[in-house]
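Participant: Pasting in a structure now, in structure tokens, and then I'll have a few things to ask.
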Amino acid sequence: MMGSGKTTLGERLADKLGWRFIDLDSEITFAVGKSIPKIFEQNGEAKFRTFETEALKRTSMTKDTVIATGGGIVLEGKNCHLMRDSGEVIFLKTSRETLKLRLEGVTNRPLLNSEKSLEDIWDERKPLYENAATFIADGNEPVETCITSIISSLA
């Protein structure tokens, strides 16, 4: 989910494991040549989801890599299968209250500027995250605590 700390935790986890880190949103931005908000504005969410699936296909089979996906990756069932087929899928389960605090004042998230509330997005996605996950980490915990529990789950 947006605001759960995927990028921060992913970078630190990759560093701890000695692996490569890929931020899927950065991959999309590079491949398309536009920021995520510009893609949403000019091409729409459906086209963004197509770009997202393409980026996941390109990166998911990379060995010894931690990939931070966008929060909406689970909206396409094929993405969930692709992620599970290529490795472990970690869900950073973060409370609504923590998400609200982390996203307060954020203006570069297209879906936060839509008619859906953060609560609506969370309610829609939470069961999808739980279904896709091979491990659920507590996203409310400090980053190092999460990393320790994730590494333990990989053993």
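Naming scheme: A, B, ... for chains in displayed order of the structure tokens; residues 1 onward per chain; ligands 1 onward as shown.
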Can you tell me, as a VMD selection string, which residues in stretch 3-113 of chain A count as helix (DSSP H, G or I) by DSSP?

Facilitator: chain A and resid 6 to 17 24 to 32 36 to 59 71 to 75 77 to 86 96 to 103 110 to 113

Participant: For a quick check of understanding, using only C-alpha atoms, which of A:Asp85, A:Glu119, A:Glu11, A:Asp23 has the smallest distance to A:Lys100?

Facilitator: A:Glu119

Participant: Fewer than 2 positions away in the same chain doesn't count, so skip those; otherwise give me all residues within 12 Å of A:Leu101, counting only C-alpha atoms, as an MDAnalysis selection string.

Facilitator: chainID A and resid 2:4 94:99 103:106 118 140

Participant: Looking at only C-alpha atoms, which of A:Phe135, A:Ile22, A:Asp120, A:Gly70 is the one that sits closest to A:Ile90?

Facilitator: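 Of A:Phe135, A:Ile22, A:Asp120, A:Gly70, the one nearest A:Ile90, counting only C-alpha atoms, is A:Phe135.
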
Participant: From the list A:Ile121, A:Ala133, A:Ile151, A:Ile67, which residue is nearest A:Val89 when using only C-alpha atoms?

Facilitator: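 Checking each of A:Ile121, A:Ala133, A:Ile151, A:Ile67 against A:Val89, counting only C-alpha atoms, the winner is A:Ala133.
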
Participant: For a test of reading the model, state the distance in Å between atom CA of A:Arg49 and atom CA of A:Glu27, rounded to one decimal.

Facilitator: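 Computed distance, atom CA of A:Arg49 to atom CA of A:Glu27, equals 13.1 Å.
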
Participant: A:Val32, A:Ala14, A:Lys93, A:Tyr129: which is nearest A:Gly72, counting only C-alpha atoms?

Facilitator: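 The shortest atom-to-atom distance to A:Gly72 comes from A:Tyr129.
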
Participant: Do you know which residues are at most 12 Å from A:Thr62 counting only C-alpha atoms, after dropping those on the same chain fewer than 3 positions away, and could you put them as a list of chain:residue names?

Facilitator: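 Listing them by chain and then by number gives A:Trp19, A:Arg20, A:Phe21, A:Ile22, A:Ala55, A:Leu56, A:Lys57, A:Arg58, A:Thr59, A:Thr65, A:Val66, A:Ile67, A:Met83, A:Ser86, A:Gly87.
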
Participant: List every residue of chain A that DSSP, applied to the backbone of this structure, assigns to strand (DSSP E), and report them as a PyMOL selection string.

Facilitator: chain A and resi 20-23+65-68+90-93+135-138

Participant: Extract, using only C-alpha atoms, all DNA, RNA and protein residues at most 12 Å from A:Lys38, discarding same-chain residues fewer than 2 positions from it, and format them as an NGL selection string.

Facilitator: :A and (28-29 or 32-36 or 40-45 or 47-48 or 108-110)

Participant: Please produce a file of the residues just selected, as an mmCIF file, in the first residue's frame, where the atoms kept are C-alpha atoms.

Facilitator:
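Saved as part_23.cif:
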```cif
data_model
loop_
_atom_site.group_PDB
_atom_site.id
_atom_site.type_symbol
_atom_site.label_atom_id
_atom_site.label_comp_id
_atom_site.auth_asym_id
_atom_site.auth_seq_id
_atom_site.Cartn_x
_atom_site.Cartn_y
_atom_site.Cartn_z
ATOM 1 C CA ILE A 28 8.163 2.700 -15.312
ATOM 2 C CA THR A 29 9.163 6.361 -15.187
ATOM 3 C CA VAL A 32 7.920 5.698 -20.409
ATOM 4 C CA GLY A 33 9.822 8.953 -19.968
ATOM 5 C CA LYS A 34 7.144 10.503 -17.757
ATOM 6 C CA SER A 35 6.473 10.793 -14.048
ATOM 7 C CA ILE A 36 3.762 8.587 -12.554
ATOM 8 C CA PHE A 40 -2.056 9.067 -14.928
ATOM 9 C CA GLU A 41 -2.939 12.530 -16.225
ATOM 10 C CA GLN A 42 -2.056 11.964 -19.887
ATOM 11 C CA ASN A 43 -2.665 8.231 -20.339
ATOM 12 C CA GLY A 44 -5.012 7.236 -17.526
ATOM 13 C CA GLU A 45 -4.831 4.593 -14.848
ATOM 14 C CA LYS A 47 -2.540 2.493 -19.380
ATOM 15 C CA PHE A 48 -0.393 2.949 -16.275
ATOM 16 C CA ASN A 108 2.279 13.478 -5.950
ATOM 17 C CA ARG A 109 0.074 10.379 -5.542
ATOM 18 C CA PRO A 110 -2.573 10.415 -8.301
#
```
